>>> print(open('entry-v3.txt').read())   # compact mmCIF, C-alpha atoms
# COMPACT_ATOMS: atom_id res chain seq x y z
CA MET A 1 3.58 110.80 7.64
CA GLU A 2 5.79 109.64 4.77
CA ILE A 3 6.35 111.96 1.80
CA THR A 4 4.09 109.94 -0.49
CA ALA A 5 1.29 110.06 2.09
CA LEU A 6 1.72 113.82 2.49
CA LYS A 7 1.50 114.32 -1.26
CA ASP A 8 -1.66 112.20 -1.36
CA LYS A 9 -3.06 114.27 1.49
CA CYS A 10 -2.45 117.47 -0.47
CA THR A 11 -4.38 116.01 -3.40
CA GLN A 12 -7.26 114.90 -1.20
CA LEU A 13 -7.53 118.27 0.50
CA ARG A 14 -7.38 120.16 -2.80
CA CYS A 15 -10.36 118.09 -3.92
CA ASP A 16 -12.18 118.89 -0.67
CA VAL A 17 -11.49 122.61 -1.14
CA LEU A 18 -12.85 122.71 -4.68
CA THR A 19 -15.90 120.63 -3.78
CA MET A 20 -16.65 122.91 -0.85
CA ILE A 21 -16.38 126.08 -2.93
CA THR A 22 -18.46 124.63 -5.78
CA GLU A 23 -21.26 123.58 -3.43
CA ALA A 24 -21.30 127.06 -1.90
CA GLN A 25 -20.85 128.78 -5.28
CA SER A 26 -18.64 131.19 -3.40
CA GLY A 27 -15.06 131.29 -2.16
CA HIS A 28 -11.41 131.71 -3.07
CA PRO A 29 -9.98 128.65 -4.83
CA GLY A 30 -6.72 129.99 -6.31
CA GLY A 31 -4.99 130.99 -3.09
CA SER A 32 -6.40 128.02 -1.19
CA LEU A 33 -4.69 125.64 -3.61
CA SER A 34 -1.37 127.50 -3.70
CA LEU A 35 -0.68 127.16 0.04
CA MET A 36 -1.68 123.51 0.42
CA GLU A 37 1.80 122.02 0.83
CA ILE A 38 2.58 124.62 3.49
CA ILE A 39 -0.49 123.98 5.61
CA VAL A 40 -0.20 120.20 5.21
CA ALA A 41 3.44 120.27 6.31
CA LEU A 42 2.42 122.22 9.41
CA TYR A 43 -0.59 120.20 10.51
CA TYR A 44 0.60 116.72 9.56
CA SER A 45 4.30 116.95 10.36
CA LYS A 46 5.41 120.04 12.27
CA MET A 47 2.92 121.56 14.70
CA ARG A 48 2.17 120.25 18.19
CA VAL A 49 -1.64 120.27 18.26
CA ASP A 50 -4.36 117.93 19.50
CA PRO A 51 -7.87 117.95 17.92
CA LYS A 52 -9.22 116.39 21.14
CA ASN A 53 -7.88 119.32 23.14
CA PRO A 54 -8.00 122.30 20.76
CA ALA A 55 -7.67 124.83 23.60
CA ASP A 56 -4.50 123.29 25.09
CA PRO A 57 -2.56 126.33 26.36
CA ASP A 58 0.74 124.67 25.44
CA ARG A 59 -0.19 123.94 21.81
CA ASP A 60 1.55 125.52 18.86
CA ARG A 61 -0.48 128.26 17.17
CA PHE A 62 -1.47 128.74 13.54
CA VAL A 63 -2.75 132.00 12.08
CA LEU A 64 -4.12 132.15 8.54
CA SER A 65 -3.39 135.82 7.98
CA LYS A 66 -4.71 135.54 4.40
CA GLY A 67 -8.09 134.61 5.83
CA HIS A 68 -9.82 134.31 2.45
CA ALA A 69 -7.97 130.99 2.00
CA ALA A 70 -10.21 129.58 4.76
CA PRO A 71 -11.31 126.59 2.60
CA ALA A 72 -7.80 125.13 2.91
CA LEU A 73 -7.82 125.51 6.69
CA TYR A 74 -11.34 124.09 6.99
CA ALA A 75 -10.45 121.07 4.87
CA VAL A 76 -7.46 120.35 7.11
CA LEU A 77 -9.36 120.83 10.37
CA ALA A 78 -12.16 118.53 9.20
CA ASP A 79 -9.66 115.89 8.09
CA LYS A 80 -7.93 116.13 11.49
CA GLU A 81 -11.36 115.64 13.12
CA TYR A 82 -11.69 119.00 14.82
CA PHE A 83 -15.26 118.85 13.55
CA PRO A 84 -17.31 116.43 11.38
CA LYS A 85 -16.35 116.47 7.72
CA GLU A 86 -20.02 116.66 6.71
CA GLU A 87 -20.02 120.25 7.98
CA LEU A 88 -17.88 121.27 5.02
CA LYS A 89 -21.11 121.26 3.02
CA GLY A 90 -22.21 124.28 5.06
CA PHE A 91 -19.32 126.45 3.90
CA ARG A 92 -20.40 130.09 3.56
CA GLN A 93 -23.99 129.26 4.45
CA LEU A 94 -26.01 131.37 6.88
CA GLY A 95 -25.60 130.07 10.42
CA SER A 96 -22.71 127.75 9.56
CA HIS A 97 -19.52 127.55 11.62
CA LEU A 98 -17.61 127.77 8.34
CA GLN A 99 -17.83 131.36 7.29
CA GLY A 100 -15.93 132.95 4.42
CA HIS A 101 -13.10 133.85 6.79
CA PRO A 102 -12.03 131.96 9.95
CA ASP A 103 -13.90 132.84 13.14
CA LYS A 104 -12.23 131.78 16.39
CA LYS A 105 -15.49 132.03 18.29
CA LYS A 106 -17.32 129.66 15.96
CA LEU A 107 -14.86 126.88 15.14
CA PRO A 108 -12.54 124.72 17.27
CA GLY A 109 -8.98 124.71 15.97
CA VAL A 110 -9.06 128.30 14.75
CA ASP A 111 -6.54 130.30 16.77
CA ALA A 112 -7.36 133.74 15.35
CA SER A 113 -10.23 135.37 13.51
CA THR A 114 -8.77 136.80 10.31
CA GLY A 115 -9.83 138.41 7.07
CA SER A 116 -8.71 142.02 7.33
CA LEU A 117 -5.34 141.67 5.64
CA GLY A 118 -2.27 142.47 7.71
CA GLN A 119 -3.91 141.89 11.08
CA GLY A 120 -3.24 138.15 11.26
CA VAL A 121 0.53 138.46 11.33
CA SER A 122 0.24 141.12 14.04
CA ILE A 123 -1.87 138.73 16.09
CA ALA A 124 0.68 135.97 15.53
CA THR A 125 3.47 138.28 16.68
CA GLY A 126 1.54 139.00 19.87
CA MET A 127 1.02 135.29 20.45
CA ALA A 128 4.73 134.61 20.04
CA LEU A 129 5.64 137.45 22.40
CA GLY A 130 3.10 136.22 24.95
CA ALA A 131 4.57 132.72 24.85
CA LYS A 132 8.09 134.12 25.31
CA THR A 133 6.98 136.29 28.22
CA GLN A 134 5.39 133.27 29.93
CA GLY A 135 8.37 131.04 29.27
CA LYS A 136 6.31 128.61 27.19
CA GLU A 137 7.79 126.40 24.48
CA VAL A 138 5.12 127.44 21.97
CA ASN A 139 5.79 128.02 18.28
CA VAL A 140 3.60 130.32 16.22
CA TYR A 141 3.16 130.05 12.45
CA ALA A 142 1.44 132.61 10.21
CA ILE A 143 0.70 132.32 6.49
CA LEU A 144 0.51 135.59 4.58
CA GLY A 145 -0.45 136.27 1.00
CA ASP A 146 2.09 138.21 -1.04
CA GLY A 147 -0.47 140.88 -1.91
CA GLU A 148 -1.01 141.21 1.84
CA LEU A 149 2.55 142.52 2.14
CA GLN A 150 1.25 145.78 0.67
CA GLU A 151 -0.35 146.44 4.09
CA GLY A 152 1.80 148.64 6.32
CA GLN A 153 0.76 146.74 9.42
CA VAL A 154 2.69 143.71 8.17
CA TRP A 155 5.94 145.64 8.51
CA GLU A 156 5.05 147.06 11.91
CA ALA A 157 4.65 143.46 13.06
CA ALA A 158 7.98 142.56 11.46
CA MET A 159 9.75 145.33 13.37
CA ALA A 160 8.24 144.15 16.65
CA ALA A 161 9.09 140.50 15.95
CA ALA A 162 12.74 141.32 15.33
CA HIS A 163 12.94 143.77 18.24
CA TYR A 164 11.70 141.16 20.71
CA LYS A 165 13.86 138.41 19.14
CA LEU A 166 10.87 136.14 18.52
CA ASP A 167 12.62 133.01 17.33
CA ASN A 168 9.38 131.13 18.07
CA LEU A 169 7.64 132.95 15.19
CA THR A 170 7.66 131.71 11.60
CA VAL A 171 6.07 133.85 8.90
CA ILE A 172 5.35 132.01 5.64
CA VAL A 173 4.69 134.08 2.53
CA ASP A 174 2.51 132.35 -0.07
CA ASN A 175 4.21 134.09 -2.98
CA ASN A 176 2.04 133.15 -5.98
CA GLY A 177 2.48 136.53 -7.64
CA LEU A 178 -1.23 137.32 -8.10
CA GLN A 179 -3.88 139.18 -6.15
CA ILE A 180 -7.52 140.01 -6.79
CA ASP A 181 -6.86 142.93 -9.17
CA GLY A 182 -3.97 141.42 -11.13
CA SER A 183 -0.30 140.69 -10.70
CA ASN A 184 1.47 142.08 -7.65
CA ASP A 185 3.87 143.96 -9.90
CA LYS A 186 1.04 145.81 -11.62
CA VAL A 187 -1.03 146.53 -8.52
CA MET A 188 1.79 147.54 -6.15
CA SER A 189 5.26 146.17 -6.76
CA LEU A 190 6.73 144.37 -3.75
CA GLY A 191 10.33 144.55 -4.87
CA ASN A 192 12.66 141.97 -3.34
CA ILE A 193 10.61 140.39 -0.56
CA ALA A 194 13.50 138.33 0.78
CA ASP A 195 15.75 141.38 1.10
CA LYS A 196 12.95 143.34 2.79
CA TYR A 197 12.46 140.68 5.47
CA ARG A 198 16.22 140.40 5.98
CA ALA A 199 16.39 144.17 6.43
CA PHE A 200 13.70 143.87 9.09
CA GLY A 201 15.80 141.33 11.00
CA PHE A 202 14.37 137.99 9.88
CA ASN A 203 16.21 134.82 8.99
CA VAL A 204 14.88 134.22 5.46
CA ILE A 205 14.59 130.85 3.77
CA GLU A 206 13.55 131.18 0.13
CA LEU A 207 11.89 128.23 -1.60
CA GLU A 208 12.07 128.16 -5.37
CA ASP A 209 9.18 125.68 -5.38
CA GLY A 210 6.85 126.24 -2.46
CA ASN A 211 4.59 123.47 -3.74
CA ASN A 212 7.31 120.88 -3.21
CA ILE A 213 6.45 119.20 0.08
CA GLU A 214 10.00 118.01 0.72
CA SER A 215 11.38 121.54 0.38
CA VAL A 216 8.70 122.93 2.66
CA LEU A 217 9.42 120.32 5.34
CA ASP A 218 13.15 121.03 5.15
CA ALA A 219 12.52 124.75 5.59
CA PHE A 220 10.52 124.19 8.76
CA GLU A 221 13.40 122.19 10.23
CA ILE A 222 15.88 125.08 9.95
CA LYS A 223 16.47 126.47 13.42
CA THR A 224 16.89 130.13 14.27
CA GLU A 225 18.14 131.67 17.48
CA GLY A 226 17.32 135.18 18.56
CA GLN A 227 15.45 136.17 15.41
CA PRO A 228 12.12 135.39 13.73
CA LYS A 229 12.02 133.30 10.55
CA CYS A 230 10.45 134.01 7.17
CA ILE A 231 9.85 131.24 4.66
CA LEU A 232 9.35 132.86 1.27
CA ALA A 233 7.57 130.16 -0.73
CA HIS A 234 7.23 130.71 -4.47
CA THR A 235 3.96 128.94 -5.26
CA VAL A 236 1.46 128.57 -8.10
CA LYS A 237 -1.99 130.05 -7.75
CA GLY A 238 -4.58 127.37 -8.51
CA LYS A 239 -1.91 124.67 -8.21
CA GLY A 240 -2.89 121.28 -9.64
CA VAL A 241 -5.68 122.38 -11.96
CA SER A 242 -4.67 123.23 -15.54
CA PHE A 243 -7.27 125.92 -16.22
CA MET A 244 -6.72 127.60 -12.83
CA GLU A 245 -2.93 127.72 -12.56
CA ASN A 246 -1.51 131.27 -12.67
CA GLN A 247 -4.90 132.70 -13.63
CA VAL A 248 -5.86 135.78 -11.63
CA GLY A 249 -9.53 135.26 -12.48
CA TRP A 250 -9.63 132.31 -10.09
CA HIS A 251 -8.77 134.42 -7.06
CA GLY A 252 -12.37 134.53 -5.86
CA LYS A 253 -14.62 132.62 -8.25
CA ALA A 254 -16.53 129.37 -7.83
CA LEU A 255 -16.37 126.49 -10.30
CA SER A 256 -19.26 125.11 -12.31
CA GLN A 257 -20.08 121.44 -11.86
CA GLU A 258 -18.40 120.66 -15.18
CA GLN A 259 -15.25 122.53 -14.13
CA LEU A 260 -15.26 120.72 -10.79
CA MET A 261 -15.42 117.35 -12.50
CA GLN A 262 -12.48 118.27 -14.74
CA ALA A 263 -10.47 119.62 -11.79
CA LEU A 264 -11.07 116.52 -9.66
CA SER A 265 -10.10 114.29 -12.58
CA GLU A 266 -6.85 116.21 -13.10
CA LEU A 267 -5.97 116.17 -9.41
CA ASN A 268 -6.56 112.44 -9.28
CA GLY A 269 -4.42 111.71 -12.31
CA GLY A 270 -7.28 111.34 -14.76
CA ARG A 271 -9.13 108.79 -12.66
>>> encode(input="entry-v3.txt", output="structure tokens")
Amino acid sequence: MEITALKDKCTQLRCDVLTMITEAQSGHPGGSLSLMEIIVALYYSKMRVDPKNPADPDRDRFVLSKGHAAPALYAVLADKEYFPKEELKGFRQLGSHLQGHPDKKKLPGVDASTGSLGQGVSIATGMALGAKTQGKEVNVYAILGDGELQEGQVWEAAMAAAHYKLDNLTVIVDNNGLQIDGSNDKVMSLGNIADKYRAFGFNVIELEDGNNIESVLDAFEIKTEGQPKCILAHTVKGKGVSFMENQVGWHGKALSQEQLMQALSELNGGR
């Protein structure tokens, strides 16, 4: 897809995310909006996947380690026709395939059940190691929240990824600076994330604007050999909606109908 089309897709999917969360009156809008350019770049430009054959053993893998941002993943999978878009209306409803966190057993296109923070990147590391062991040309991508980096398991996975020289693994940090209880610095300071990942043996690409689709695409094209890659993407929580941007209160809160109408109008340029 051309850049303009990818930007339009990000807008469309942000609207789908907010509509889904508002209908459910439950969900995590802030972090679902902040990672949109990253997930769009992966599914519409980078990853080798086929919605008609979601279990293809030779497909690339995607792990949403920050599983609470499931609305973004669901919006993409529906748009890619892994399942009917009408099912988005069942988000977080009893018996629905679309639970609050991704469930591999319930939904085609989900490569890993996630939600317990830190576990997703460990799963992704195992997938990458498995592909290497089998000699498969499979790339694995995992999106982590920055607050998730406070989990020790994240760094155990990083050690393993570097030790096994998993150059088929890309870890993307959605670095929006906020988590459920406040700013990262106030809850548990992360220090210099880029330096930490470099110390653990990763090739680090730092994006000043992780909501710039061109920058994200360029980062995915950078090749590494013999070491895993970390894309540290500085993003904006609640990106695209004036009253949500950089507001910690929108980590896990649904919009009212009036707020939804305002948000959709803003995302669509006032139309």
>>> atom_distance(input="entry-v3.txt", atom1="atom CA of A:Pro102", atom2="atom CA of A:Leu260")
23.8 Å
>>> closest_residue(input="entry-v3.txt", among="A:Gly145, A:Gly109, A:Gly118, A:Leu166", to="A:Lys132", atoms="all atoms listed in the file")
A:Leu166
>>> closest_residue(input="entry-v3.txt", among="A:Asn192, A:Asn212, A:Asn246, A:Gln179", to="A:Cys10", atoms="only C-alpha atoms")
A:Asn212
>>> residues_around(input="entry-v3.txt", residues="stretch 155-157 of chain A", least_positions_apart="6", cutoff="9 Å", atoms="only C-alpha atoms", output="mmCIF file with C-alpha atoms, in the frame of the given file")
data_model
loop_
_atom_site.group_PDB
_atom_site.id
_atom_site.type_symbol
_atom_site.label_atom_id
_atom_site.label_comp_id
_atom_site.auth_asym_id
_atom_site.auth_seq_id
_atom_site.Cartn_x
_atom_site.Cartn_y
_atom_site.Cartn_z
ATOM 1 C CA GLY A 118 -2.270 142.470 7.710
ATOM 2 C CA GLN A 119 -3.910 141.890 11.080
ATOM 3 C CA VAL A 121 0.530 138.460 11.330
ATOM 4 C CA SER A 122 0.240 141.120 14.040
ATOM 5 C CA ILE A 123 -1.870 138.730 16.090
ATOM 6 C CA ALA A 124 0.680 135.970 15.530
ATOM 7 C CA THR A 125 3.470 138.280 16.680
ATOM 8 C CA GLY A 126 1.540 139.000 19.870
ATOM 9 C CA LEU A 149 2.550 142.520 2.140
ATOM 10 C CA TYR A 197 12.460 140.680 5.470
ATOM 11 C CA PHE A 200 13.700 143.870 9.090
#
>>> atom_distance(input="entry-v3.txt", atom1="atom CA of A:Gln262", atom2="atom CA of A:Pro29")
14.6 Å
>>> residues_near_point(input="entry-v3.txt", point="(-15.3, 131.5, -7.8)", cutoff="7 Å", atoms="only C-alpha atoms", output="PDB file with C-alpha atoms, in the coordinates of the input")
ATOM      1  CA  GLN A  25     -20.850 128.780  -5.280  1.00  0.00           C
ATOM      2  CA  SER A  26     -18.640 131.190  -3.400  1.00  0.00           C
ATOM      3  CA  GLY A  27     -15.060 131.290  -2.160  1.00  0.00           C
ATOM      4  CA  HIS A  28     -11.410 131.710  -3.070  1.00  0.00           C
ATOM      5  CA  PRO A  29      -9.980 128.650  -4.830  1.00  0.00           C
ATOM      6  CA  TRP A 250      -9.630 132.310 -10.090  1.00  0.00           C
ATOM      7  CA  GLY A 252     -12.370 134.530  -5.860  1.00  0.00           C
ATOM      8  CA  LYS A 253     -14.620 132.620  -8.250  1.00  0.00           C
ATOM      9  CA  ALA A 254     -16.530 129.370  -7.830  1.00  0.00           C
ATOM     10  CA  LEU A 255     -16.370 126.490 -10.300  1.00  0.00           C
TER      11      LEU A 255
END
>>> atom_distance(input="entry-v3.txt", atom1="atom CA of A:Asp8", atom2="atom CA of A:Phe91")
23.3 Å
>>> residues_around(input="entry-v3.txt", residues="A:Tyr44", least_positions_apart="3", cutoff="8 Å", atoms="only C-alpha atoms", output="CSV table (one decimal) with C-alpha atoms, in the coordinates of the input")
chain,number,residue,atom,x,y,z
A,1,MET,CA,3.6,110.8,7.6
A,6,LEU,CA,1.7,113.8,2.5
A,40,VAL,CA,-0.2,120.2,5.2
A,41,ALA,CA,3.4,120.3,6.3
A,47,MET,CA,2.9,121.6,14.7
>>> build_atoms(input="entry-v3.txt", residues="stretch 256-269 of chain A", atoms="N, CA and C atoms", output="PDB file, keeping the file's coordinate frame")
ATOM      1  N   SER A 256     -18.023 125.783 -11.915  1.00  0.00           N
ATOM      2  CA  SER A 256     -19.260 125.110 -12.310  1.00  0.00           C
ATOM      3  C   SER A 256     -19.097 123.626 -12.013  1.00  0.00           C
ATOM      4  N   GLN A 257     -20.172 122.883 -12.096  1.00  0.00           N
ATOM      5  CA  GLN A 257     -20.080 121.440 -11.860  1.00  0.00           C
ATOM      6  C   GLN A 257     -19.177 120.777 -12.893  1.00  0.00           C
ATOM      7  N   GLU A 258     -19.247 121.228 -14.133  1.00  0.00           N
ATOM      8  CA  GLU A 258     -18.400 120.660 -15.180  1.00  0.00           C
ATOM      9  C   GLU A 258     -16.920 120.957 -14.897  1.00  0.00           C
ATOM     10  N   GLN A 259     -16.638 122.177 -14.465  1.00  0.00           N
ATOM     11  CA  GLN A 259     -15.250 122.530 -14.130  1.00  0.00           C
ATOM     12  C   GLN A 259     -14.767 121.735 -12.928  1.00  0.00           C
ATOM     13  N   LEU A 260     -15.645 121.517 -11.962  1.00  0.00           N
ATOM     14  CA  LEU A 260     -15.260 120.720 -10.790  1.00  0.00           C
ATOM     15  C   LEU A 260     -14.902 119.304 -11.207  1.00  0.00           C
ATOM     16  N   MET A 261     -15.699 118.712 -12.071  1.00  0.00           N
ATOM     17  CA  MET A 261     -15.420 117.350 -12.500  1.00  0.00           C
ATOM     18  C   MET A 261     -14.068 117.258 -13.210  1.00  0.00           C
ATOM     19  N   GLN A 262     -13.777 118.255 -14.048  1.00  0.00           N
ATOM     20  CA  GLN A 262     -12.480 118.270 -14.740  1.00  0.00           C
ATOM     21  C   GLN A 262     -11.345 118.443 -13.739  1.00  0.00           C
ATOM     22  N   ALA A 263     -11.521 119.371 -12.775  1.00  0.00           N
ATOM     23  CA  ALA A 263     -10.470 119.620 -11.790  1.00  0.00           C
ATOM     24  C   ALA A 263     -10.204 118.392 -10.941  1.00  0.00           C
ATOM     25  N   LEU A 264     -11.256 117.724 -10.474  1.00  0.00           N
ATOM     26  CA  LEU A 264     -11.070 116.520  -9.660  1.00  0.00           C
ATOM     27  C   LEU A 264     -10.378 115.411 -10.444  1.00  0.00           C
ATOM     28  N   SER A 265     -10.728 115.302 -11.721  1.00  0.00           N
ATOM     29  CA  SER A 265     -10.100 114.290 -12.580  1.00  0.00           C
ATOM     30  C   SER A 265      -8.606 114.580 -12.741  1.00  0.00           C
ATOM     31  N   GLU A 266      -8.270 115.845 -12.958  1.00  0.00           N
ATOM     32  CA  GLU A 266      -6.850 116.210 -13.100  1.00  0.00           C
ATOM     33  C   GLU A 266      -6.074 115.959 -11.817  1.00  0.00           C
ATOM     34  N   LEU A 267      -6.656 116.343 -10.706  1.00  0.00           N
ATOM     35  CA  LEU A 267      -5.970 116.170  -9.410  1.00  0.00           C
ATOM     36  C   LEU A 267      -5.745 114.694  -9.101  1.00  0.00           C
ATOM     37  N   ASN A 268      -6.665 113.867  -9.539  1.00  0.00           N
ATOM     38  CA  ASN A 268      -6.560 112.440  -9.280  1.00  0.00           C
ATOM     39  C   ASN A 268      -5.912 111.653 -10.414  1.00  0.00           C
ATOM     40  N   GLY A 269      -5.172 112.364 -11.248  1.00  0.00           N
ATOM     41  CA  GLY A 269      -4.420 111.710 -12.310  1.00  0.00           C
ATOM     42  C   GLY A 269      -5.274 111.135 -13.415  1.00  0.00           C
TER      43      GLY A 269
END
